[in-house]
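Okay, coords.tsv now, which holds TSV, C-alpha atoms and all ligand atoms:
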```tsv
chain	number	residue	atom	x	y	z
A	13	MET	CA	-40.45	-80.95	-14.99
A	14	ALA	CA	-38.47	-83.51	-17.04
A	15	LYS	CA	-35.13	-84.69	-15.73
A	16	ILE	CA	-32.17	-83.73	-17.94
A	17	ALA	CA	-29.45	-86.28	-18.72
A	18	LEU	CA	-26.23	-86.01	-20.69
A	19	VAL	CA	-24.62	-89.17	-22.10
A	20	THR	CA	-21.02	-89.01	-23.36
A	21	GLY	CA	-20.32	-91.28	-26.32
A	22	GLY	CA	-24.08	-91.19	-26.80
A	23	ASN	CA	-23.96	-91.67	-30.56
A	24	ARG	CA	-23.67	-95.47	-30.61
A	25	GLY	CA	-23.43	-98.68	-28.60
A	26	ILE	CA	-24.39	-98.71	-24.93
A	27	GLY	CA	-24.44	-94.89	-24.80
A	28	LEU	CA	-27.05	-94.49	-27.53
A	29	GLU	CA	-29.21	-97.24	-26.03
A	30	THR	CA	-28.89	-95.63	-22.58
A	31	ALA	CA	-30.09	-92.36	-24.11
A	32	ARG	CA	-33.03	-94.16	-25.73
A	33	GLN	CA	-34.07	-95.94	-22.52
A	34	LEU	CA	-33.81	-92.73	-20.47
A	35	ALA	CA	-35.88	-90.90	-23.09
A	36	ASP	CA	-38.44	-93.72	-22.81
A	37	GLN	CA	-38.73	-92.69	-19.14
A	38	ASP	CA	-39.49	-89.09	-20.19
A	39	VAL	CA	-35.98	-87.85	-19.47
A	40	LEU	CA	-34.76	-85.05	-21.75
A	41	VAL	CA	-31.57	-86.56	-23.14
A	42	ILE	CA	-28.57	-84.64	-24.39
A	43	VAL	CA	-26.60	-86.87	-26.73
A	44	ALA	CA	-22.94	-85.87	-26.46
A	45	ALA	CA	-20.54	-87.07	-29.14
A	46	ARG	CA	-17.10	-86.03	-30.30
A	47	ASP	CA	-18.47	-85.83	-33.84
A	48	TYR	CA	-21.24	-83.21	-33.59
A	49	GLY	CA	-22.91	-84.51	-36.75
A	50	LYS	CA	-23.31	-87.94	-35.14
A	51	ALA	CA	-24.80	-86.38	-32.00
A	52	VAL	CA	-27.29	-84.45	-34.14
A	53	GLU	CA	-28.18	-87.57	-36.10
A	54	ALA	CA	-28.71	-89.67	-32.94
A	55	ALA	CA	-30.82	-86.96	-31.29
A	56	ARG	CA	-32.91	-86.60	-34.42
A	57	ALA	CA	-33.52	-90.37	-34.53
A	58	LEU	CA	-34.55	-90.33	-30.86
A	59	ARG	CA	-36.97	-87.45	-31.44
A	60	LYS	CA	-38.71	-89.52	-34.15
A	61	GLY	CA	-39.85	-91.78	-31.30
A	62	ALA	CA	-41.53	-88.75	-29.66
A	63	HIS	CA	-38.62	-88.49	-27.25
A	64	GLN	CA	-37.02	-85.28	-26.03
A	65	ALA	CA	-33.46	-85.28	-27.30
A	66	GLU	CA	-30.78	-82.69	-27.99
A	67	ALA	CA	-27.21	-82.81	-29.28
A	68	VAL	CA	-23.94	-81.36	-28.06
A	69	GLN	CA	-20.34	-81.74	-29.21
A	70	LEU	CA	-18.10	-83.26	-26.53
A	71	ASP	CA	-14.71	-84.91	-26.96
A	72	VAL	CA	-13.64	-86.16	-23.53
A	73	THR	CA	-9.95	-85.78	-24.47
A	74	ASP	CA	-10.38	-82.10	-25.35
A	75	ALA	CA	-10.59	-79.71	-22.39
A	76	ALA	CA	-12.00	-76.87	-24.51
A	77	SER	CA	-14.70	-79.14	-25.90
A	78	ILE	CA	-15.72	-80.29	-22.41
A	79	ALA	CA	-15.84	-76.71	-21.11
A	80	ALA	CA	-17.85	-75.54	-24.12
A	81	ALA	CA	-20.36	-78.40	-23.67
A	82	ALA	CA	-20.83	-77.54	-19.98
A	83	GLU	CA	-21.34	-73.86	-20.88
A	84	GLU	CA	-23.85	-74.83	-23.55
A	85	VAL	CA	-25.89	-77.00	-21.15
A	86	ALA	CA	-25.77	-74.19	-18.56
A	87	ARG	CA	-27.04	-71.75	-21.17
A	88	ARG	CA	-29.83	-74.04	-22.37
A	89	HIS	CA	-31.03	-75.50	-19.07
A	90	GLY	CA	-29.15	-74.04	-16.10
A	91	ARG	CA	-28.83	-77.48	-14.50
A	92	LEU	CA	-28.11	-81.15	-15.15
A	93	ASP	CA	-29.79	-84.04	-13.31
A	94	ILE	CA	-27.91	-87.04	-14.71
A	95	LEU	CA	-24.38	-87.37	-16.10
A	96	ILE	CA	-23.53	-90.67	-17.77
A	97	ASN	CA	-19.77	-90.90	-18.33
A	98	ASN	CA	-20.10	-93.57	-20.99
A	99	ALA	CA	-17.37	-92.71	-23.55
A	100	GLY	CA	-14.59	-95.26	-23.51
A	101	ILE	CA	-11.99	-97.03	-25.61
A	102	ILE	CA	-10.29	-100.40	-25.42
A	103	SER	CA	-6.80	-101.35	-26.52
A	104	SER	CA	-6.02	-101.76	-30.17
A	105	SER	CA	-2.47	-102.86	-29.37
A	106	PRO	CA	-1.67	-106.43	-30.41
A	107	ASP	CA	0.59	-106.73	-27.37
A	108	GLY	CA	-1.60	-107.25	-24.31
A	109	ARG	CA	1.17	-108.38	-21.95
A	110	PRO	CA	1.50	-106.14	-18.90
A	111	SER	CA	5.27	-106.63	-19.13
A	112	SER	CA	5.49	-105.00	-22.56
A	113	GLN	CA	2.22	-103.30	-23.62
A	114	PRO	CA	3.50	-99.92	-24.88
A	115	VAL	CA	3.26	-97.06	-22.41
A	116	ALA	CA	1.93	-94.87	-25.23
A	117	GLU	CA	-1.06	-97.21	-25.34
A	118	TRP	CA	-1.55	-96.90	-21.57
A	119	ARG	CA	-1.50	-93.10	-21.93
A	120	ARG	CA	-3.99	-93.17	-24.82
A	121	ILE	CA	-6.45	-95.32	-22.89
A	122	PHE	CA	-6.12	-93.40	-19.63
A	123	GLU	CA	-6.58	-90.11	-21.51
A	124	THR	CA	-10.09	-91.16	-22.53
A	125	ASN	CA	-11.22	-93.64	-19.88
A	126	LEU	CA	-9.90	-91.84	-16.78
A	127	PHE	CA	-8.71	-88.28	-17.38
A	128	GLY	CA	-11.57	-87.52	-19.79
A	129	LEU	CA	-14.07	-88.90	-17.32
A	130	VAL	CA	-12.63	-86.88	-14.43
A	131	GLU	CA	-12.49	-83.65	-16.45
A	132	THR	CA	-16.05	-84.10	-17.73
A	133	THR	CA	-17.33	-84.78	-14.22
A	134	GLN	CA	-15.57	-81.74	-12.79
A	135	ALA	CA	-16.95	-79.52	-15.56
A	136	PHE	CA	-20.55	-80.65	-15.05
A	137	LEU	CA	-20.55	-80.84	-11.24
A	138	PRO	CA	-21.68	-77.21	-10.77
A	139	LEU	CA	-24.73	-78.00	-12.92
A	140	LEU	CA	-25.39	-81.30	-11.09
A	141	LYS	CA	-25.29	-79.40	-7.80
A	142	LYS	CA	-28.20	-77.32	-9.10
A	143	SER	CA	-30.29	-80.49	-9.49
A	144	GLU	CA	-32.55	-81.68	-6.67
A	145	ALA	CA	-31.05	-85.16	-6.95
A	146	GLY	CA	-27.98	-85.35	-9.17
A	147	ARG	CA	-26.85	-88.76	-10.40
A	148	ILE	CA	-23.44	-89.58	-11.87
A	149	VAL	CA	-22.82	-92.91	-13.58
A	150	HIS	CA	-19.31	-93.99	-14.56
A	151	LEU	CA	-19.08	-96.75	-17.15
A	152	SER	CA	-16.55	-99.04	-15.55
A	153	SER	CA	-16.14	-102.77	-16.15
A	154	ILE	CA	-15.85	-106.04	-14.27
A	155	LEU	CA	-12.30	-105.94	-15.69
A	156	GLY	CA	-11.60	-103.09	-13.25
A	157	SER	CA	-12.26	-105.37	-10.27
A	158	ASN	CA	-8.90	-106.30	-8.76
A	159	THR	CA	-10.65	-108.62	-6.31
A	160	LEU	CA	-12.16	-110.69	-9.14
A	161	HIS	CA	-8.90	-110.58	-11.12
A	162	GLU	CA	-7.08	-112.27	-8.24
A	163	THR	CA	-9.86	-114.71	-7.27
A	164	PRO	CA	-9.35	-118.15	-8.86
A	165	GLY	CA	-12.60	-119.32	-10.48
A	166	SER	CA	-13.99	-115.79	-10.98
A	167	PRO	CA	-15.23	-114.99	-14.50
A	168	ILE	CA	-12.12	-112.87	-15.19
A	169	TYR	CA	-9.38	-114.77	-13.33
A	170	GLU	CA	-7.94	-116.13	-16.56
A	171	PHE	CA	-8.59	-113.00	-18.68
A	172	LYS	CA	-5.60	-110.64	-18.50
A	173	ALA	CA	-5.42	-109.57	-22.17
A	174	VAL	CA	-6.20	-105.85	-21.79
A	175	PRO	CA	-4.13	-104.63	-18.83
A	176	ALA	CA	-4.20	-100.88	-19.59
A	177	TYR	CA	-7.96	-100.93	-20.15
A	178	SER	CA	-8.51	-102.94	-16.95
A	179	ALA	CA	-6.29	-100.58	-14.93
A	180	SER	CA	-8.11	-97.55	-16.36
A	181	LYS	CA	-11.39	-98.99	-15.11
A	182	SER	CA	-9.84	-99.79	-11.69
A	183	ALA	CA	-8.89	-96.12	-11.56
A	184	VAL	CA	-12.45	-95.15	-12.50
A	185	ASN	CA	-13.63	-97.31	-9.60
A	186	SER	CA	-11.25	-95.51	-7.25
A	187	TYR	CA	-12.44	-92.11	-8.49
A	188	THR	CA	-16.03	-93.25	-7.88
A	189	VAL	CA	-15.26	-94.04	-4.24
A	190	HIS	CA	-13.44	-90.76	-3.68
A	191	LEU	CA	-16.06	-88.56	-5.36
A	192	ALA	CA	-18.97	-90.33	-3.64
A	193	TYR	CA	-17.27	-89.69	-0.30
A	194	GLU	CA	-16.72	-86.00	-1.07
A	195	LEU	CA	-20.39	-85.66	-2.05
A	196	ARG	CA	-21.76	-87.86	0.78
A	197	ASP	CA	-23.66	-84.99	2.45
A	198	THR	CA	-25.28	-83.84	-0.81
A	199	PRO	CA	-28.18	-85.41	-2.74
A	200	ILE	CA	-25.76	-86.44	-5.50
A	201	LYS	CA	-25.09	-90.16	-5.94
A	202	VAL	CA	-22.04	-91.45	-7.81
A	203	ASN	CA	-21.78	-95.07	-8.93
A	204	ALA	CA	-19.75	-97.19	-11.31
A	205	ALA	CA	-21.57	-99.51	-13.70
A	206	HIS	CA	-20.46	-102.81	-15.16
A	207	PRO	CA	-22.81	-103.09	-18.15
A	208	GLY	CA	-22.02	-106.77	-18.82
A	209	TYR	CA	-20.16	-108.27	-21.75
A	210	VAL	CA	-22.18	-106.49	-24.43
A	211	LYS	CA	-22.37	-107.01	-28.20
A	212	THR	CA	-21.09	-103.61	-29.36
A	213	GLU	CA	-18.42	-102.36	-31.75
A	214	MET	CA	-15.99	-102.33	-28.82
A	215	ASN	CA	-16.10	-106.13	-28.84
A	216	ALA	CA	-16.53	-106.42	-32.62
A	217	GLY	CA	-20.05	-107.67	-31.95
A	218	ALA	CA	-19.02	-110.44	-29.52
A	219	GLY	CA	-20.61	-110.59	-26.09
A	220	GLU	CA	-23.17	-112.20	-23.81
A	221	LEU	CA	-25.73	-109.40	-23.65
A	222	ASP	CA	-27.63	-107.61	-26.39
A	223	VAL	CA	-27.25	-103.83	-26.28
A	224	PRO	CA	-30.68	-103.15	-24.66
A	225	ASP	CA	-29.71	-105.33	-21.68
A	226	GLY	CA	-26.24	-103.77	-21.66
A	227	ALA	CA	-27.78	-100.33	-21.04
A	228	ARG	CA	-29.98	-101.42	-18.14
A	229	THR	CA	-27.40	-100.94	-15.38
A	230	SER	CA	-26.58	-97.38	-16.48
A	231	VAL	CA	-30.28	-96.50	-16.69
A	232	ALA	CA	-31.07	-97.97	-13.27
A	233	LEU	CA	-28.19	-96.04	-11.66
A	234	ALA	CA	-29.25	-92.84	-13.45
A	235	LEU	CA	-32.76	-93.11	-12.01
A	236	LEU	CA	-31.84	-94.20	-8.46
A	237	GLY	CA	-34.18	-92.99	-5.74
A	238	PRO	CA	-33.03	-91.20	-2.60
A	239	ASP	CA	-32.40	-94.49	-0.77
A	240	GLY	CA	-30.19	-95.90	-3.53
A	241	PRO	CA	-26.50	-96.66	-3.06
A	242	SER	CA	-23.59	-94.32	-3.74
A	243	GLY	CA	-19.92	-95.18	-4.22
A	244	LYS	CA	-20.53	-98.73	-5.49
A	245	LEU	CA	-19.68	-100.85	-8.55
A	246	ILE	CA	-22.94	-102.38	-9.76
A	247	HIS	CA	-24.08	-104.82	-12.45
A	248	LEU	CA	-27.84	-105.35	-12.92
A	249	GLY	CA	-28.60	-104.58	-9.27
A	250	GLN	CA	-25.72	-106.66	-7.87
A	251	VAL	CA	-22.82	-104.97	-6.09
A	252	LEU	CA	-19.47	-106.22	-7.45
A	253	PRO	CA	-16.28	-106.25	-5.37
A	254	TRP	CA	-13.58	-103.66	-6.04
B	1	LIG	P1	-18.47	-98.55	-28.33
B	1	LIG	O1	-19.58	-99.19	-29.05
B	1	LIG	O2	-17.08	-98.71	-28.83
B	1	LIG	O3	-18.83	-97.00	-28.14
B	1	LIG	C1	-17.89	-96.16	-27.52
B	1	LIG	C2	-18.43	-94.75	-27.52
B	1	LIG	O4	-17.46	-93.92	-26.87
B	1	LIG	C3	-18.64	-94.20	-28.94
B	1	LIG	O5	-19.78	-93.38	-28.95
B	1	LIG	C4	-17.37	-93.38	-29.15
B	1	LIG	O6	-17.54	-92.31	-30.08
B	1	LIG	C5	-17.22	-92.82	-27.73
B	1	LIG	N1	-15.91	-92.23	-27.54
B	1	LIG	C6	-14.68	-92.80	-27.64
B	1	LIG	N2	-13.73	-91.88	-27.43
B	1	LIG	C7	-14.36	-90.69	-27.20
B	1	LIG	C8	-13.94	-89.37	-26.94
B	1	LIG	N3	-12.64	-89.05	-26.89
B	1	LIG	N4	-14.87	-88.42	-26.73
B	1	LIG	C9	-16.18	-88.71	-26.78
B	1	LIG	N5	-16.65	-89.94	-27.07
B	1	LIG	C10	-15.75	-90.91	-27.28
B	1	LIG	O7	-18.40	-99.09	-26.81
B	1	LIG	P2	-19.54	-99.63	-25.81
B	1	LIG	O8	-19.41	-101.10	-25.75
B	1	LIG	O9	-20.86	-99.00	-26.10
B	1	LIG	O10	-18.94	-99.06	-24.45
B	1	LIG	C11	-19.50	-97.99	-23.70
B	1	LIG	C12	-18.82	-97.97	-22.35
B	1	LIG	O11	-19.05	-99.22	-21.66
B	1	LIG	C13	-17.30	-97.82	-22.42
B	1	LIG	O12	-16.85	-96.98	-21.39
B	1	LIG	C14	-16.80	-99.24	-22.19
B	1	LIG	O13	-15.49	-99.28	-21.68
B	1	LIG	C15	-17.83	-99.77	-21.21
B	1	LIG	N6	-17.93	-101.23	-21.18
B	1	LIG	C16	-18.33	-101.91	-22.29
B	1	LIG	C17	-18.42	-103.30	-22.22
B	1	LIG	C18	-18.86	-104.13	-23.38
B	1	LIG	O14	-18.87	-105.39	-23.27
B	1	LIG	N7	-19.27	-103.54	-24.52
B	1	LIG	C19	-18.08	-103.98	-21.03
B	1	LIG	C20	-17.68	-103.24	-19.93
B	1	LIG	C21	-17.61	-101.86	-20.01
B	1	LIG	P3	-17.13	-92.45	-31.65
B	1	LIG	O15	-18.34	-93.05	-32.34
B	1	LIG	O16	-16.86	-91.05	-32.05
B	1	LIG	O17	-15.94	-93.37	-31.71
```
Show me this structure written as structure tokens.
Ligand code: NAP
Amino acid sequence: MAKIALVTGGNRGIGLETARQLADQDVLVIVAARDYGKAVEAARALRKGAHQAEAVQLDVTDAASIAAAAEEVARRHGRLDILINNAGIISSSPDGRPSSQPVAEWRRIFETNLFGLVETTQAFLPLLKKSEAGRIVHLSSILGSNTLHETPGSPIYEFKAVPAYSASKSAVNSYTVHLAYELRDTPIKVNAAHPGYVKTEMNAGAGELDVPDGARTSVALALLGPDGPSGKLIHLGQVLPW
């Protein structure tokens, strides 16, 4: 029986590539996108490669949309094996100083990157509990690592330009630790992924990794075996500090 995965923000960037790589491993992938047409288009493109792919509408900032997506997956499959909380946004504010970056911008980013992720996870948990080995992957970032932010010489010590985004990913890391602890006596594993600095639209094409390599961490965490870690922040097999 094929594993079933749902990828939020699965219509482009790291999410779409994660869906493709999971489908390559014979996972039935549900592409979730806030624009249903884009989800349908991505799923159709994946199916051309003889993959199993479906579409669902899911806006992580819309409670009704999240609930409807969870109901739809329950109706179609009755369970979910892998949830990839991939949808995310970065700041578009020209002011990246923590002393003055507008609070409205902090709210906008947290709405998607944290509250949307928490609400989506809570909605799909009943379905993940029906899986033999549920896996939850939160797309975090090295920018969420407070340890690396305050360590001179670390790759991010001198990069403080997106404080609200970084804090939202620190909060995702914290949620990862808390949820993994709550689920410690279940087969479900919960991890945070740093995909790398990846050449996607989020970075206007800048980055160190091509998109296929940027999806590898999410895919590896989605397919973890029973001895794999839970409650960690991981990049390409390496545990990063919180
Ligand atoms: P991207 O190319 O900008 O793609 C972002 C995806 O999130 C798009 O599919 C977008 O959908 C979706 N999204 C945004 N808001 C949404 C909402 N309210 N509901 C549902 N979907 C929504 O970004 P990416 O580089 O692939 O990033 C994917 C994840 O990796 C993000 O969480 C990001 O923070 C994280 N990350 C990326 C990098 C990097 O270097 N690229 C580094 C560290 C972490 P639309 O097409 O509808 O806008």
Hey, could you make a per-residue contact list for stretch 21-116 of chain A against stretch 122-144 of chain A with 10 Å as the cut-off, showing the nearest pair of atoms and its distance in Å to one decimal, counting all atoms listed in the file, sorted by chain and number, as a Markdown table?
```
| residue | atom | partner | partner_atom | distance |
| --- | --- | --- | --- | --- |
| A:Leu70 | CA | A:Thr132 | CA | 9.1 |
| A:Asp71 | CA | A:Gly128 | CA | 8.3 |
| A:Val72 | CA | A:Gly128 | CA | 4.5 |
| A:Thr73 | CA | A:Gly128 | CA | 5.2 |
| A:Asp74 | CA | A:Gly128 | CA | 7.9 |
| A:Ala75 | CA | A:Glu131 | CA | 7.4 |
| A:Ser77 | CA | A:Thr132 | CA | 9.7 |
| A:Ile78 | CA | A:Thr132 | CA | 6.0 |
| A:Ala79 | CA | A:Ala135 | CA | 6.3 |
| A:Ala80 | CA | A:Ala135 | CA | 9.5 |
| A:Ala81 | CA | A:Ala135 | CA | 8.9 |
| A:Ala82 | CA | A:Phe136 | CA | 5.8 |
| A:Glu83 | CA | A:Ala135 | CA | 8.9 |
| A:Val85 | CA | A:Leu139 | CA | 8.4 |
| A:Ala86 | CA | A:Leu139 | CA | 6.9 |
| A:His89 | CA | A:Leu139 | CA | 9.2 |
| A:Gly90 | CA | A:Leu139 | CA | 6.7 |
| A:Arg91 | CA | A:Leu139 | CA | 4.4 |
| A:Leu92 | CA | A:Leu140 | CA | 4.9 |
| A:Asp93 | CA | A:Ser143 | CA | 5.2 |
| A:Ile94 | CA | A:Leu140 | CA | 7.2 |
| A:Leu95 | CA | A:Thr133 | CA | 7.7 |
| A:Ile96 | CA | A:Thr133 | CA | 9.3 |
| A:Asn97 | CA | A:Leu129 | CA | 6.1 |
| A:Asn98 | CA | A:Leu129 | CA | 8.5 |
| A:Ala99 | CA | A:Asn125 | CA | 7.2 |
| A:Gly100 | CA | A:Asn125 | CA | 5.2 |
| A:Ile101 | CA | A:Asn125 | CA | 6.7 |
| A:Ile102 | CA | A:Asn125 | CA | 8.8 |
| A:Ala116 | CA | A:Phe122 | CA | 9.9 |
```
Could the residues that lie within 6 Å of ligand LIG 1 (chain B), counting all atoms listed in the file, be listed as a PyMOL selection string?
chain A and resi 20-27+45-47+70-73+98-101+124+151-153+206-215
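For A:Val174, the residues within 8 Å (counting only C-alpha atoms, excluding itself and residues fewer than 4 positions away along the chain) are Ile102, Ser103, Gly108, Arg109 and Ser178 of chain A.
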Query raised in the report: How would you write as a ChimeraX atom specification the residues that get within 8 Å of (-31.3, -87.3, -28.9) in the file's frame, counting only C-alpha atoms?
Result: /A:31-32,41-43,51-59,63-67
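Each of A:Ser242, A:Thr30, A:Asp225, A:Leu18 was compared to A:Ala44 using all atoms listed in the file, and A:Leu18 turns out to be the nearest.
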From atom CA of A:Ser180 to atom CA of A:Arg147 the spacing works out at 21.5 Å
